[in-house]
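Colleague: Below: one structure in structure tokens.
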Amino acid sequence: MPSIFAYQSSEVDWCESNFLYSELVAEFFNTFSNIPFFIFGPMMMFLMHPYAQKRSLYVHCFGVLFMAIGLFSMYFHMTLSFLGQLLDEIAILWLLASGYCIWMPRCYYPSFLRESRPRFIRLVISTTVVSTFLSFLRPTVNAYVLNSIAIHIIYIVIQEYKKANSQEFRHVTQVSVILWATALTSWISDQLLCSFWQRIHFFYLHSIWHVLISITFPFGMVALALVDAKYEMPGHTLKVRYWPRDTWTLALPYVEVRSDD
């Protein structure tokens with residue numbers, strides 16, 4: 001049995017040809033397409049810091065875990081090791097859990113929690129710890145489970161979208177869902193249509209997934225913050241701003257906290 005650190009010890013292998021450009025990097029494009037994680041993560045932590053000071057500094061955990069995903073995904077695709085796979089997937093699991101803990105509206109809690117955020121956080125953390133250990137049992141299904149969790153978060157955001165009048169929130173949500181759906185389509189296509197993509201020598205769909213999901217992160221983060229503010233920040237209004245300029249078509253969204261006084 002190969003070591004969990006060994007190259008290609010994971011059962012998961014993506015469509016990109018292995019060791020095509022380097023003897024040290026198994027999947028070249030899938031490895032280096034994680035670079036945007038190290039760009040958008042720190043930038044969003046900086047841009048969202050005034051919001052985090054008002055809401056909770058735990059918001060920064062979301063950015064830290066996002067960068068951890070980029071790091072572990074890079075390690076996984078470079079080595080295709082079992083350890084790399086688990087680190088990548090566990091980081092994604094804890095990112096999703098942090099999103100639930102920080103931003104999930106109380107009205108969507110199970111009734112037995114009586115809309116208590118501390119109880120909900122304990123439930124989420126306990127479930128995530130158990131899920132972390134379960135991820136070792138059937139590692140080939142982990143990615144599908146994680147995408148199922150993400151679908152639930154999208155469902156919550158869409159429910160709030162239906163109730164919202166804010167054009168800013170509706171725009172950010174639309175962009176988030178379109179980017180995520182396009183990214184997921186690339187991920188699924190890389191899995192199910194690999195033989196076709198290999199025949200036409202196009203191996204880049206999983207690396208496209210990395211880039212698109214990293215772009216989705218800022219929009220999704222802002223959408224969740226806007227949903228949460230409606231319930232948890234009375235007396236404050238969140239204004240969506242864009243860096244470097246509000247007028248630019250391609251720009252990073254963030255929120256500016258304004259007092260209603």
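Just so we're on the same page: first chain in the structure tokens is A, next is B, and so on; residues restart at 1 for each chain, and ligands are numbered from 1 in the order they show up.
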Using only C-alpha atoms, which residues sit within 10 Å of Phe37 (chain A) once same-chain residues fewer than 4 positions away are excluded, as a list in words?
Modeller: Ser33, Gly41, Pro42, Met43, Gly63, Phe66, Met67, Ala68, Ile69, Gly70, Leu71, Ser73, His210, Val211, Ile213, Ser214, Ile215 and Phe217 of chain A
Colleague: Please write the residues from the selection above to a file, keeping all heavy atoms, as a compact mmCIF listing (two decimals), in the first residue's frame.
Modeller:
# COMPACT_ATOMS: atom_id res chain seq x y z
N SER A 33 -3.52 26.91 -11.52
CA SER A 33 -4.78 27.66 -11.60
C SER A 33 -5.31 28.01 -10.22
O SER A 33 -6.32 28.72 -10.11
CB SER A 33 -5.83 26.86 -12.38
OG SER A 33 -6.05 25.59 -11.78
N GLY A 41 -8.17 36.01 -1.82
CA GLY A 41 -8.31 35.80 -0.38
C GLY A 41 -7.82 36.99 0.44
O GLY A 41 -8.59 37.59 1.20
N PRO A 42 -6.54 37.38 0.31
CA PRO A 42 -6.04 38.53 1.08
C PRO A 42 -6.75 39.84 0.71
O PRO A 42 -6.99 40.67 1.60
CB PRO A 42 -4.55 38.59 0.69
CG PRO A 42 -4.21 37.24 0.21
CD PRO A 42 -5.46 36.70 -0.44
N MET A 43 -7.08 40.03 -0.57
CA MET A 43 -7.73 41.27 -0.97
C MET A 43 -9.11 41.40 -0.32
O MET A 43 -9.49 42.48 0.15
CB MET A 43 -7.84 41.35 -2.49
CG MET A 43 -6.52 41.57 -3.18
SD MET A 43 -6.69 41.84 -4.96
CE MET A 43 -7.46 43.46 -4.98
N GLY A 63 -11.79 34.01 4.86
CA GLY A 63 -10.70 34.31 3.94
C GLY A 63 -9.49 33.42 4.14
O GLY A 63 -8.85 32.98 3.17
N PHE A 66 -10.21 30.05 2.75
CA PHE A 66 -10.20 30.13 1.29
C PHE A 66 -8.77 30.01 0.76
O PHE A 66 -8.51 29.28 -0.21
CB PHE A 66 -10.83 31.45 0.84
CG PHE A 66 -10.90 31.62 -0.64
CD1 PHE A 66 -11.82 30.91 -1.39
CD2 PHE A 66 -10.07 32.52 -1.30
CE1 PHE A 66 -11.89 31.07 -2.77
CE2 PHE A 66 -10.14 32.69 -2.67
CZ PHE A 66 -11.06 31.97 -3.41
N MET A 67 -7.84 30.69 1.40
CA MET A 67 -6.43 30.58 0.99
C MET A 67 -5.88 29.18 1.28
O MET A 67 -5.06 28.66 0.51
CB MET A 67 -5.60 31.66 1.68
CG MET A 67 -5.88 33.06 1.17
SD MET A 67 -4.80 34.31 1.90
CE MET A 67 -5.50 34.43 3.55
N ALA A 68 -6.33 28.58 2.39
CA ALA A 68 -5.90 27.21 2.71
C ALA A 68 -6.35 26.24 1.62
O ALA A 68 -5.61 25.32 1.25
CB ALA A 68 -6.44 26.79 4.07
N ILE A 69 -7.55 26.46 1.11
CA ILE A 69 -8.04 25.62 0.01
C ILE A 69 -7.10 25.74 -1.19
O ILE A 69 -6.74 24.74 -1.82
CB ILE A 69 -9.47 26.01 -0.38
CG1 ILE A 69 -10.45 25.63 0.72
CG2 ILE A 69 -9.88 25.33 -1.70
CD1 ILE A 69 -11.85 26.20 0.53
N GLY A 70 -6.72 26.97 -1.52
CA GLY A 70 -5.80 27.17 -2.64
C GLY A 70 -4.48 26.45 -2.44
O GLY A 70 -3.95 25.81 -3.36
N LEU A 71 -3.96 26.53 -1.21
CA LEU A 71 -2.68 25.89 -0.89
C LEU A 71 -2.79 24.37 -0.99
O LEU A 71 -1.95 23.71 -1.63
CB LEU A 71 -2.24 26.29 0.51
CG LEU A 71 -0.97 25.65 1.04
CD1 LEU A 71 0.25 26.07 0.21
CD2 LEU A 71 -0.75 26.01 2.51
N SER A 73 -5.15 22.58 -2.48
CA SER A 73 -5.49 22.15 -3.83
C SER A 73 -4.25 22.13 -4.71
O SER A 73 -4.06 21.21 -5.53
CB SER A 73 -6.55 23.08 -4.42
OG SER A 73 -6.87 22.73 -5.73
N HIS A 210 -11.26 26.01 -11.05
CA HIS A 210 -10.51 26.71 -10.01
C HIS A 210 -10.62 28.23 -10.18
O HIS A 210 -10.88 28.95 -9.21
CB HIS A 210 -9.03 26.31 -10.06
CG HIS A 210 -8.76 24.95 -9.56
ND1 HIS A 210 -7.61 24.24 -9.92
CD2 HIS A 210 -9.44 24.13 -8.73
CE1 HIS A 210 -7.62 23.06 -9.33
NE2 HIS A 210 -8.73 22.97 -8.60
N VAL A 211 -10.42 28.69 -11.40
CA VAL A 211 -10.44 30.14 -11.64
C VAL A 211 -11.84 30.71 -11.40
O VAL A 211 -12.00 31.73 -10.73
CB VAL A 211 -9.96 30.44 -13.08
CG1 VAL A 211 -10.12 31.93 -13.39
CG2 VAL A 211 -8.51 30.02 -13.26
N ILE A 213 -14.33 29.47 -9.59
CA ILE A 213 -14.78 29.38 -8.20
C ILE A 213 -14.05 30.41 -7.34
O ILE A 213 -14.60 30.92 -6.36
CB ILE A 213 -14.61 27.94 -7.65
CG1 ILE A 213 -15.71 27.62 -6.63
CG2 ILE A 213 -13.25 27.72 -7.05
CD1 ILE A 213 -17.10 27.53 -7.20
N SER A 214 -12.82 30.74 -7.71
CA SER A 214 -12.10 31.78 -6.97
C SER A 214 -12.70 33.15 -7.23
O SER A 214 -12.71 34.02 -6.35
CB SER A 214 -10.61 31.77 -7.32
OG SER A 214 -10.40 32.13 -8.68
N ILE A 215 -13.24 33.36 -8.45
CA ILE A 215 -13.93 34.62 -8.76
C ILE A 215 -15.30 34.66 -8.08
O ILE A 215 -15.78 35.72 -7.67
CB ILE A 215 -14.07 34.80 -10.28
CG1 ILE A 215 -12.70 34.86 -10.94
CG2 ILE A 215 -14.86 36.06 -10.62
CD1 ILE A 215 -12.73 34.83 -12.46
N PHE A 217 -15.96 33.52 -5.18
CA PHE A 217 -15.76 33.75 -3.74
C PHE A 217 -16.10 35.17 -3.30
O PHE A 217 -16.89 35.35 -2.36
CB PHE A 217 -14.32 33.38 -3.37
CG PHE A 217 -13.90 33.82 -2.00
CD1 PHE A 217 -14.37 33.18 -0.86
CD2 PHE A 217 -13.01 34.88 -1.85
CE1 PHE A 217 -13.97 33.59 0.41
CE2 PHE A 217 -12.61 35.30 -0.60
CZ PHE A 217 -13.10 34.65 0.54
Colleague: List the neighbours of Ile4 (chain A) out to 9 Å using only C-alpha atoms; skip same-chain residues closer than 6 positions along the sequence, and give me the result as a ChimeraX atom specification.
Modeller: /A:10,81-84
Colleague: Could you take the residues named above and write them with N, CA, C and O atoms, as an mmCIF file, in the first residue's frame?
Modeller:
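Dumped everything to part16.cif:
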data_model
loop_
_atom_site.group_PDB
_atom_site.id
_atom_site.type_symbol
_atom_site.label_atom_id
_atom_site.label_comp_id
_atom_site.auth_asym_id
_atom_site.auth_seq_id
_atom_site.Cartn_x
_atom_site.Cartn_y
_atom_site.Cartn_z
ATOM 1 N N SER A 10 -3.626 8.958 -4.396
ATOM 2 C CA SER A 10 -5.071 9.207 -4.371
ATOM 3 C C SER A 10 -5.756 8.416 -5.481
ATOM 4 O O SER A 10 -5.175 8.178 -6.546
ATOM 5 N N SER A 81 -1.594 13.086 -4.352
ATOM 6 C CA SER A 81 -1.433 12.235 -3.174
ATOM 7 C C SER A 81 -2.734 12.156 -2.393
ATOM 8 O O SER A 81 -3.575 13.065 -2.443
ATOM 9 N N PHE A 82 -2.891 11.078 -1.647
ATOM 10 C CA PHE A 82 -4.081 10.893 -0.816
ATOM 11 C C PHE A 82 -4.156 11.968 0.260
ATOM 12 O O PHE A 82 -5.230 12.498 0.550
ATOM 13 N N LEU A 83 -3.016 12.308 0.833
ATOM 14 C CA LEU A 83 -2.995 13.362 1.844
ATOM 15 C C LEU A 83 -3.434 14.691 1.242
ATOM 16 O O LEU A 83 -4.223 15.436 1.846
ATOM 17 N N GLY A 84 -2.934 15.006 0.053
ATOM 18 C CA GLY A 84 -3.310 16.246 -0.606
ATOM 19 C C GLY A 84 -4.801 16.314 -0.877
ATOM 20 O O GLY A 84 -5.433 17.360 -0.681
#
Colleague: What does the structure give for the distance between CA of Phe38 (chain A) and CA of Thr173 (chain A), in Å to one decimal?
Modeller: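 CA of Phe38 (chain A) sits 23.2 Å away from CA of Thr173 (chain A).
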Colleague: Which residue, A:Tyr242, A:Tyr231, A:Tyr100, A:Phe219, has the smallest gap to Ser176 (chain A) when you use only C-alpha atoms?
Modeller: A:Phe219
Colleague: Would you mind telling me which residue in A:Ala6, A:Tyr144, A:Lys230, A:Ser17 lies nearest to Ser195 (chain A) when using only C-alpha atoms?
Modeller: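 Closest candidate: A:Ser17.
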Colleague: Distance table requested - region 112-190 of chain A against region 85-92 of chain A, cut-off 9 Å, only C-alpha atoms: one row per qualifying residue with the closest atom pair and its distance in Å to one decimal, ordered by chain and rising residue number, as JSON lines.
Modeller:
{"residue": "A:Ser131", "atom": "CA", "partner": "A:Ile90", "partner_atom": "CA", "distance": 8.8}
{"residue": "A:Thr132", "atom": "CA", "partner": "A:Ile90", "partner_atom": "CA", "distance": 6.3}
{"residue": "A:Ser135", "atom": "CA", "partner": "A:Leu86", "partner_atom": "CA", "distance": 7.5}
{"residue": "A:Phe136", "atom": "CA", "partner": "A:Leu86", "partner_atom": "CA", "distance": 7.5}
{"residue": "A:Pro139", "atom": "CA", "partner": "A:Leu86", "partner_atom": "CA", "distance": 7.5}
{"residue": "A:Asn142", "atom": "CA", "partner": "A:Glu89", "partner_atom": "CA", "distance": 7.0}
{"residue": "A:Ala143", "atom": "CA", "partner": "A:Glu89", "partner_atom": "CA", "distance": 6.9}
{"residue": "A:Leu146", "atom": "CA", "partner": "A:Ile92", "partner_atom": "CA", "distance": 7.5}
Colleague: Could you please take those selected residues and save N, CA, C and O atoms as a CSV table (one decimal), in the first residue's frame?
Modeller:
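After the write, result-v8.csv holds the following:
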chain,number,residue,atom,x,y,z
A,131,SER,N,-17.9,14.7,10.1
A,131,SER,CA,-17.8,14.6,8.7
A,131,SER,C,-16.3,14.6,8.3
A,131,SER,O,-16.0,13.9,7.3
A,132,THR,N,-15.5,15.3,9.0
A,132,THR,CA,-14.0,15.3,8.8
A,132,THR,C,-13.5,13.8,8.9
A,132,THR,O,-12.7,13.4,8.0
A,135,SER,N,-14.8,11.5,6.1
A,135,SER,CA,-14.2,11.7,4.8
A,135,SER,C,-13.1,10.8,4.5
A,135,SER,O,-12.7,10.6,3.3
A,136,PHE,N,-12.5,10.1,5.5
A,136,PHE,CA,-11.5,9.1,5.3
A,136,PHE,C,-12.0,7.8,4.8
A,136,PHE,O,-11.3,7.0,4.2
A,139,PRO,N,-13.3,8.4,0.3
A,139,PRO,CA,-12.7,9.7,-0.2
A,139,PRO,C,-13.2,10.0,-1.6
A,139,PRO,O,-13.2,11.2,-2.0
A,142,ASN,N,-16.2,12.4,-1.6
A,142,ASN,CA,-16.2,13.6,-0.8
A,142,ASN,C,-16.6,14.8,-1.7
A,142,ASN,O,-17.3,15.7,-1.2
A,143,ALA,N,-16.0,14.9,-2.9
A,143,ALA,CA,-16.3,16.1,-3.7
A,143,ALA,C,-17.7,16.3,-4.0
A,143,ALA,O,-18.3,17.4,-4.1
A,146,LEU,N,-19.5,17.6,-0.9
A,146,LEU,CA,-19.2,19.0,-0.7
A,146,LEU,C,-20.1,19.9,-1.7
A,146,LEU,O,-20.6,21.0,-1.3
Colleague: Under the rule that only C-alpha atoms are counted, which of A:Val257, A:Val227, A:Leu205, A:Val177 is the nearest residue to His49 (chain A)?
Modeller: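 Ranked by minimum distance to His49 (chain A), first place goes to A:Val257.
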